[in-house]
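What's in entry.txt: compact mmCIF, C-alpha atoms
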```txt
# COMPACT_ATOMS: atom_id res chain seq x y z
CA MET A 959 3.15 -12.54 8.84
CA SER A 960 0.65 -14.62 6.89
CA LEU A 961 -2.27 -13.22 4.93
CA VAL A 962 -4.95 -15.57 3.62
CA VAL A 963 -7.72 -14.09 1.47
CA SER A 964 -10.39 -16.72 0.93
CA ASN A 965 -13.42 -16.56 -1.41
CA ILE A 966 -13.99 -12.81 -1.06
CA SER A 967 -16.99 -11.47 -2.94
CA LYS A 968 -18.27 -7.90 -3.11
CA ALA A 969 -21.02 -6.18 -5.07
CA TYR A 970 -22.15 -2.57 -5.26
CA GLY A 971 -25.82 -2.88 -6.05
CA PRO A 972 -26.14 -4.87 -9.28
CA GLN A 973 -22.41 -4.57 -10.08
CA GLN A 974 -20.34 -7.57 -8.98
CA VAL A 975 -16.85 -6.25 -8.18
CA LEU A 976 -15.17 -9.31 -6.63
CA SER A 977 -16.12 -12.91 -7.35
CA GLY A 978 -14.71 -15.51 -4.96
CA LEU A 979 -11.26 -13.90 -4.80
CA SER A 980 -8.59 -16.00 -3.05
CA PHE A 981 -4.83 -15.69 -2.58
CA ASN A 982 -2.13 -15.96 0.07
CA LEU A 983 0.64 -13.46 0.79
CA ASP A 984 4.10 -14.72 1.67
CA ASP A 985 6.01 -13.30 4.61
CA GLY A 986 8.51 -10.61 3.68
CA ASN A 987 7.62 -10.43 -0.02
CA ILE A 988 6.65 -7.44 -2.15
CA THR A 989 3.61 -8.42 -4.21
CA GLY A 990 2.19 -6.34 -7.04
CA LEU A 991 -1.55 -6.31 -7.69
CA LEU A 992 -2.12 -5.54 -11.36
CA GLY A 993 -5.26 -5.11 -13.38
CA PRO A 994 -7.17 -2.70 -15.62
CA ASN A 995 -9.39 -0.01 -14.16
CA GLY A 996 -12.46 -1.62 -12.63
CA ALA A 997 -10.75 -4.96 -11.98
CA GLY A 998 -11.40 -4.66 -8.21
CA LYS A 999 -7.91 -3.81 -6.95
CA SER A 1000 -8.90 -0.91 -4.68
CA THR A 1001 -11.88 -2.82 -3.29
CA THR A 1002 -9.62 -5.76 -2.50
CA MET A 1003 -7.18 -3.51 -0.66
CA LYS A 1004 -9.91 -1.82 1.36
CA ILE A 1005 -11.26 -5.20 2.45
CA ILE A 1006 -7.80 -6.49 3.43
CA SER A 1007 -7.22 -3.29 5.43
CA GLY A 1008 -10.48 -3.73 7.35
CA ILE A 1009 -12.05 -0.57 5.92
CA LEU A 1010 -14.70 -2.24 3.79
CA PRO A 1011 -16.62 -5.42 4.66
CA PRO A 1012 -17.02 -8.10 1.97
CA ASP A 1013 -20.35 -9.68 1.18
CA SER A 1014 -18.81 -13.10 1.82
CA GLY A 1015 -15.45 -14.74 2.40
CA SER A 1016 -12.68 -14.20 4.95
CA VAL A 1017 -9.39 -12.37 5.49
CA LEU A 1018 -7.02 -13.99 7.99
CA ILE A 1019 -3.90 -12.23 9.26
CA ASP A 1020 -1.66 -14.56 11.26
CA GLY A 1021 -4.71 -16.79 11.61
CA THR A 1022 -6.95 -14.06 13.06
CA ASP A 1023 -10.04 -12.87 11.22
CA MET A 1024 -9.59 -9.25 10.13
CA LEU A 1025 -13.32 -8.97 9.51
CA ALA A 1026 -14.11 -9.59 13.17
CA GLY A 1027 -13.15 -5.95 13.73
CA LYS A 1028 -10.45 -6.60 16.30
CA THR A 1029 -8.30 -3.51 16.77
CA ALA A 1030 -5.21 -5.59 17.52
CA THR A 1031 -5.49 -7.30 14.14
CA LYS A 1032 -6.06 -4.05 12.25
CA ARG A 1033 -2.92 -2.63 13.86
CA LEU A 1034 -0.94 -5.24 11.92
CA VAL A 1035 -1.81 -3.42 8.67
CA GLY A 1036 -0.61 -0.09 7.27
CA TYR A 1037 -2.68 1.34 4.42
CA LEU A 1038 -2.04 4.14 1.92
CA PRO A 1039 -5.09 4.72 -0.31
CA GLU A 1040 -4.82 6.08 -3.85
CA ASN A 1041 -6.13 9.49 -2.74
CA ASN A 1042 -3.67 10.17 0.07
CA PRO A 1043 -5.72 11.58 3.02
CA LEU A 1044 -3.63 14.21 4.78
CA TYR A 1045 -4.38 17.25 6.94
CA HIS A 1046 -3.02 20.01 4.70
CA ASP A 1047 -3.08 22.69 7.42
CA MET A 1048 -0.83 20.67 9.73
CA TYR A 1049 2.96 20.73 9.68
CA VAL A 1050 4.69 17.50 8.66
CA LYS A 1051 6.25 16.68 12.03
CA GLU A 1052 3.15 17.85 13.90
CA PHE A 1053 0.99 15.57 11.76
CA LEU A 1054 3.17 12.51 12.32
CA ILE A 1055 3.30 13.11 16.09
CA PHE A 1056 -0.50 13.38 16.03
CA ILE A 1057 -0.81 10.09 14.13
CA ALA A 1058 1.58 8.43 16.57
CA GLY A 1059 -0.73 9.48 19.39
CA LEU A 1060 -3.69 7.84 17.65
CA TYR A 1061 -1.73 4.59 17.72
CA GLY A 1062 -0.96 5.05 21.41
CA ILE A 1063 2.68 5.97 20.78
CA LYS A 1064 3.55 8.94 22.97
CA GLY A 1065 6.36 11.00 24.49
CA LYS A 1066 9.97 10.17 23.68
CA THR A 1067 8.99 6.99 21.88
CA ALA A 1068 6.75 8.94 19.50
CA ARG A 1069 9.35 11.62 18.85
CA ALA A 1070 12.06 9.04 18.20
CA ARG A 1071 9.85 7.08 15.77
CA VAL A 1072 8.84 10.24 13.90
CA GLU A 1073 12.47 11.35 13.61
CA GLU A 1074 13.39 7.89 12.32
CA LEU A 1075 10.71 8.05 9.61
CA ILE A 1076 11.49 11.64 8.63
CA HIS A 1077 15.02 10.47 7.92
CA ALA A 1078 13.92 7.24 6.20
CA THR A 1079 11.53 9.08 3.86
CA GLY A 1080 13.84 12.02 3.14
CA LEU A 1081 11.61 14.62 4.78
CA GLU A 1082 14.31 16.38 6.80
CA ASN A 1083 14.02 19.63 4.83
CA GLU A 1084 10.21 19.49 4.74
CA CYS A 1085 9.33 18.55 8.31
CA SER A 1086 8.65 22.16 9.40
CA LYS A 1087 6.45 22.95 6.39
CA LYS A 1088 2.68 22.71 6.12
CA ILE A 1089 1.62 19.57 4.27
CA GLY A 1090 -0.51 21.61 1.86
CA THR A 1091 2.60 23.39 0.56
CA LEU A 1092 4.44 20.18 -0.38
CA SER A 1093 4.78 18.69 -3.85
CA LYS A 1094 2.82 15.53 -4.63
CA GLY A 1095 5.97 13.47 -4.27
CA TYR A 1096 6.64 14.75 -0.76
CA LYS A 1097 2.99 14.31 0.17
CA GLN A 1098 3.34 10.66 -0.85
CA ARG A 1099 6.37 10.41 1.44
CA VAL A 1100 4.31 11.79 4.32
CA GLY A 1101 1.59 9.27 3.48
CA LEU A 1102 4.10 6.43 3.52
CA ALA A 1103 5.48 7.59 6.85
CA HIS A 1104 1.92 7.65 8.17
CA ALA A 1105 1.24 4.13 6.88
CA VAL A 1106 4.33 2.57 8.50
CA LEU A 1107 4.49 4.65 11.68
CA HIS A 1108 3.09 1.87 13.87
CA LYS A 1109 5.45 -0.74 12.34
CA PRO A 1110 2.78 -2.81 10.57
CA ARG A 1111 3.47 -6.39 9.53
CA LEU A 1112 1.57 -5.83 6.26
CA LEU A 1113 1.80 -2.66 4.18
CA VAL A 1114 -0.98 -2.07 1.62
CA LEU A 1115 -0.35 0.67 -0.98
CA ASP A 1116 -2.90 1.62 -3.62
CA GLU A 1117 -1.05 3.03 -6.67
CA PRO A 1118 1.50 4.96 -4.58
CA THR A 1119 3.36 6.44 -7.59
CA THR A 1120 0.36 7.77 -9.56
CA GLY A 1121 0.94 11.32 -10.78
CA LEU A 1122 4.60 11.52 -9.75
CA ASP A 1123 7.43 12.64 -12.01
CA PRO A 1124 10.16 10.12 -13.02
CA ASN A 1125 12.57 11.12 -10.23
CA GLN A 1126 9.83 10.96 -7.60
CA ILE A 1127 8.76 7.53 -8.89
CA ILE A 1128 12.30 6.17 -8.48
CA GLN A 1129 12.48 7.55 -4.94
CA ILE A 1130 9.10 6.11 -3.88
CA ARG A 1131 10.00 2.73 -5.40
CA GLN A 1132 13.13 2.64 -3.30
CA LEU A 1133 11.15 3.49 -0.18
CA ILE A 1134 8.79 0.60 -0.93
CA LYS A 1135 11.75 -1.77 -1.33
CA ASP A 1136 13.23 -0.51 1.95
CA PHE A 1137 9.94 -1.04 3.79
CA GLY A 1138 9.71 -4.50 2.21
CA CYS A 1139 12.79 -5.51 4.23
CA HIS A 1140 10.68 -5.28 7.41
CA SER A 1141 7.07 -5.84 6.27
CA SER A 1142 5.14 -7.76 3.67
CA VAL A 1143 3.99 -5.31 0.99
CA LEU A 1144 0.98 -5.48 -1.33
CA PHE A 1145 0.73 -2.61 -3.79
CA SER A 1146 -1.23 -1.92 -6.93
CA THR A 1147 0.26 -0.40 -10.05
CA HIS A 1148 -0.40 0.03 -13.77
CA ILE A 1149 3.30 0.34 -14.56
CA MET A 1150 4.99 -2.87 -15.70
CA GLN A 1151 8.48 -1.41 -15.23
CA GLU A 1152 7.54 -0.82 -11.61
CA ALA A 1153 6.29 -4.37 -11.15
CA ALA A 1154 9.46 -5.81 -12.70
CA ALA A 1155 11.75 -3.53 -10.67
CA VAL A 1156 10.11 -3.77 -7.25
CA CYS A 1157 7.98 -6.92 -6.94
CA ASP A 1158 8.94 -10.46 -6.00
CA ARG A 1159 5.56 -11.65 -7.25
CA ILE A 1160 2.58 -10.35 -9.19
CA LEU A 1161 -1.14 -11.06 -9.09
CA ILE A 1162 -3.12 -10.05 -12.17
CA MET A 1163 -6.84 -9.33 -11.73
CA LYS A 1164 -9.62 -9.17 -14.28
CA LYS A 1165 -13.29 -8.57 -13.44
CA GLY A 1166 -12.87 -9.38 -9.76
CA GLU A 1167 -10.84 -12.57 -10.18
CA ILE A 1168 -7.17 -13.56 -10.11
CA VAL A 1169 -6.14 -14.66 -13.61
CA ALA A 1170 -2.38 -15.00 -12.97
CA ASP A 1171 -0.12 -15.48 -9.95
CA MET A 1172 3.62 -15.69 -10.60
CA PRO A 1173 7.09 -14.65 -9.48
CA THR A 1174 8.73 -11.77 -11.36
CA GLU A 1175 12.27 -13.14 -11.23
CA GLY A 1176 13.76 -13.33 -14.71
CA LYS A 1177 10.84 -11.52 -16.35
CA SER A 1178 11.32 -8.18 -18.09
CA ALA A 1179 8.81 -5.34 -18.06
CA GLU A 1180 8.09 -6.08 -21.74
CA GLU A 1181 7.29 -9.73 -20.96
CA LEU A 1182 4.99 -8.69 -18.13
CA GLU A 1183 3.28 -6.14 -20.39
CA THR A 1184 2.64 -8.81 -23.06
CA LEU A 1185 1.26 -11.21 -20.48
CA PHE A 1186 -0.89 -8.50 -18.90
CA ARG A 1187 -2.41 -7.50 -22.24
CA ARG A 1188 -3.14 -11.11 -23.19
CA LEU A 1189 -4.81 -11.99 -19.88
CA THR A 1190 -6.85 -8.80 -19.47
CA ALA A 1191 -7.97 -8.26 -23.08
```
If you convert what's in this file into structure tokens, what do you get?
Amino acid sequence: MSLVVSNISKAYGPQQVLSGLSFNLDDGNITGLLGPNGAGKSTTMKIISGILPPDSGSVLIDGTDMLAGKTATKRLVGYLPENNPLYHDMYVKEFLIFIAGLYGIKGKTARARVEELIHATGLENECSKKIGTLSKGYKQRVGLAHAVLHKPRLLVLDEPTTGLDPNQIIQIRQLIKDFGCHSSVLFSTHIMQEAAAVCDRILIMKKGEIVADMPTEGKSAEELETLFRRLTA
């Protein structure tokens, strides 16, 4: 899977959010998108996922223009927004079967895929509960299962560990690493320990532009924190 983001710009009225943003995503890597609040991370992810159109620029997935609105191209992407949208009155397994149907996955194939993801995300003891009764950590697991149900080539996660307790954070990080074995992953975070522990590469944004692009190998969380503070001050 190749992702090429080229010269993306986006403004909301007089506020310029992205300014000629460009980067490539390597196949099979986990890439962290870092930046202070207002840097444009969520806008970037929405554009890559085909949810929000840019004012200019292009997003190519395997050479096909995401912005052309082709359903087949959008099916290559799984997206978990920061505010996890779930149907709280539905039961976990019921919800995932419903989502499978939206992707055209039905019958035994749907049931087998849902069972596979319930196991992969550790939802065995929660699958017969209503989503609204779950803890935030388990809701994030349901959201992750939703995002990967159709086996996307690119997984986009917007701050997936926000608001979780330390044990939940460790568990969600491991899920991200597991999914990274089968998909390319782009996820945003404010936590340098998370970037150092999970990512193969980081992109640092400031005011709608990439100000650093580097591998994380050999770099500690403290080194990343120092770099982040210097580049985004």
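Among A:Gly993, A:Thr1022, A:Val963, A:Gln1132, the residue with the shortest atom-to-atom distance to Leu1182 (chain A), counting only C-alpha atoms, is A:Gly993.
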For a cut-off of 7 Å around (-0.3, -1.1, -16.2), file coordinates, pick out all residues using all atoms listed in the file and list them as a ChimeraX atom specification. /A:992-993,1147-1150
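Here CA of Ile1128 (chain A) stands at a distance of 23.8 Å from CA of Leu1185 (chain A).
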CA of Ser1086 (chain A) to CA of Ala1105 (chain A) measures 19.7 Å
- Which polymer residues have any atom within 12 Å of an atom of Gly1095 (chain A), counting all atoms listed in the file, with same-chain residues fewer than 4 positions away left out, as a ChimeraX atom specification? /A:1042,1079-1081,1084,1089,1091,1099-1102,1118-1131,1133
Residue selection dump (C-alpha atoms) as a CSV table (one decimal), in the coordinates of the input:
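Once everything was written out, this is again_10.csv:
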```csv
chain,number,residue,atom,x,y,z
A,1042,ASN,CA,-3.7,10.2,0.1
A,1079,THR,CA,11.5,9.1,3.9
A,1080,GLY,CA,13.8,12.0,3.1
A,1081,LEU,CA,11.6,14.6,4.8
A,1084,GLU,CA,10.2,19.5,4.7
A,1089,ILE,CA,1.6,19.6,4.3
A,1091,THR,CA,2.6,23.4,0.6
A,1099,ARG,CA,6.4,10.4,1.4
A,1100,VAL,CA,4.3,11.8,4.3
A,1101,GLY,CA,1.6,9.3,3.5
A,1102,LEU,CA,4.1,6.4,3.5
A,1118,PRO,CA,1.5,5.0,-4.6
A,1119,THR,CA,3.4,6.4,-7.6
A,1120,THR,CA,0.4,7.8,-9.6
A,1121,GLY,CA,0.9,11.3,-10.8
A,1122,LEU,CA,4.6,11.5,-9.8
A,1123,ASP,CA,7.4,12.6,-12.0
A,1124,PRO,CA,10.2,10.1,-13.0
A,1125,ASN,CA,12.6,11.1,-10.2
A,1126,GLN,CA,9.8,11.0,-7.6
A,1127,ILE,CA,8.8,7.5,-8.9
A,1128,ILE,CA,12.3,6.2,-8.5
A,1129,GLN,CA,12.5,7.6,-4.9
A,1130,ILE,CA,9.1,6.1,-3.9
A,1131,ARG,CA,10.0,2.7,-5.4
A,1133,LEU,CA,11.2,3.5,-0.2
```
Go through region 1033-1131 of chain A and flag each residue having an atom no more than 10 Å from region 965-988 of chain A; for those, report the closest pair of atoms plus their distance in Å to one decimal, using only C-alpha atoms, ordered by chain and rising number, as a Markdown table.
```
| residue | atom | partner | partner_atom | distance |
| --- | --- | --- | --- | --- |
| A:Arg1111 | CA | A:Gly986 | CA | 8.8 |
| A:Leu1112 | CA | A:Gly986 | CA | 8.8 |
| A:Leu1113 | CA | A:Ile988 | CA | 9.3 |
```
Written selection (C-alpha atoms) as a CSV table (one decimal), in the frame of the given file:
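Written out: again.csv:
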```
chain,number,residue,atom,x,y,z
A,1111,ARG,CA,3.5,-6.4,9.5
A,1112,LEU,CA,1.6,-5.8,6.3
A,1113,LEU,CA,1.8,-2.7,4.2
```
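Here the question is which of A:Thr1184, A:Leu1044, A:Lys1051, A:Leu1025 gets nearest to Lys1094 (chain A) using only C-alpha atoms, and that residue is A:Leu1044.
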Point to revise | Nearby residues (only C-alpha atoms) at most 10 Å from region 1179-1181 of chain A, same-chain spacing under 6 positions excluded, as an NGL selection string | key: :A and (1149-1155)
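Our summary of the geometry notes that CA of Asp1116 (chain A) is positioned 23.6 Å from CA of Ile1055 (chain A).
Proximity to Gly1008 (chain A) was assessed for A:Arg1069, A:Thr1174, A:Val1114, A:Tyr1049 counting all atoms listed in the file; the smallest distance is recorded for A:Val1114.
Counting all atoms listed in the file, the residue from A:Met959, A:Cys1157, A:Gly1059, A:Pro1012 that sits nearest to Leu1144 (chain A) is A:Cys1157.
Distance annotation: of A:Leu1034, A:Leu1060, A:Ala997, A:Leu961, the residue with the minimal separation from Val1017 (chain A) is A:Leu961; atom set is all atoms listed in the file.
Using only C-alpha atoms, the shortest contact distance between Glu1117 (chain A) and any of A:Leu1038, A:Met1024, A:Cys1139, A:Cys1085 is found at A:Leu1038.
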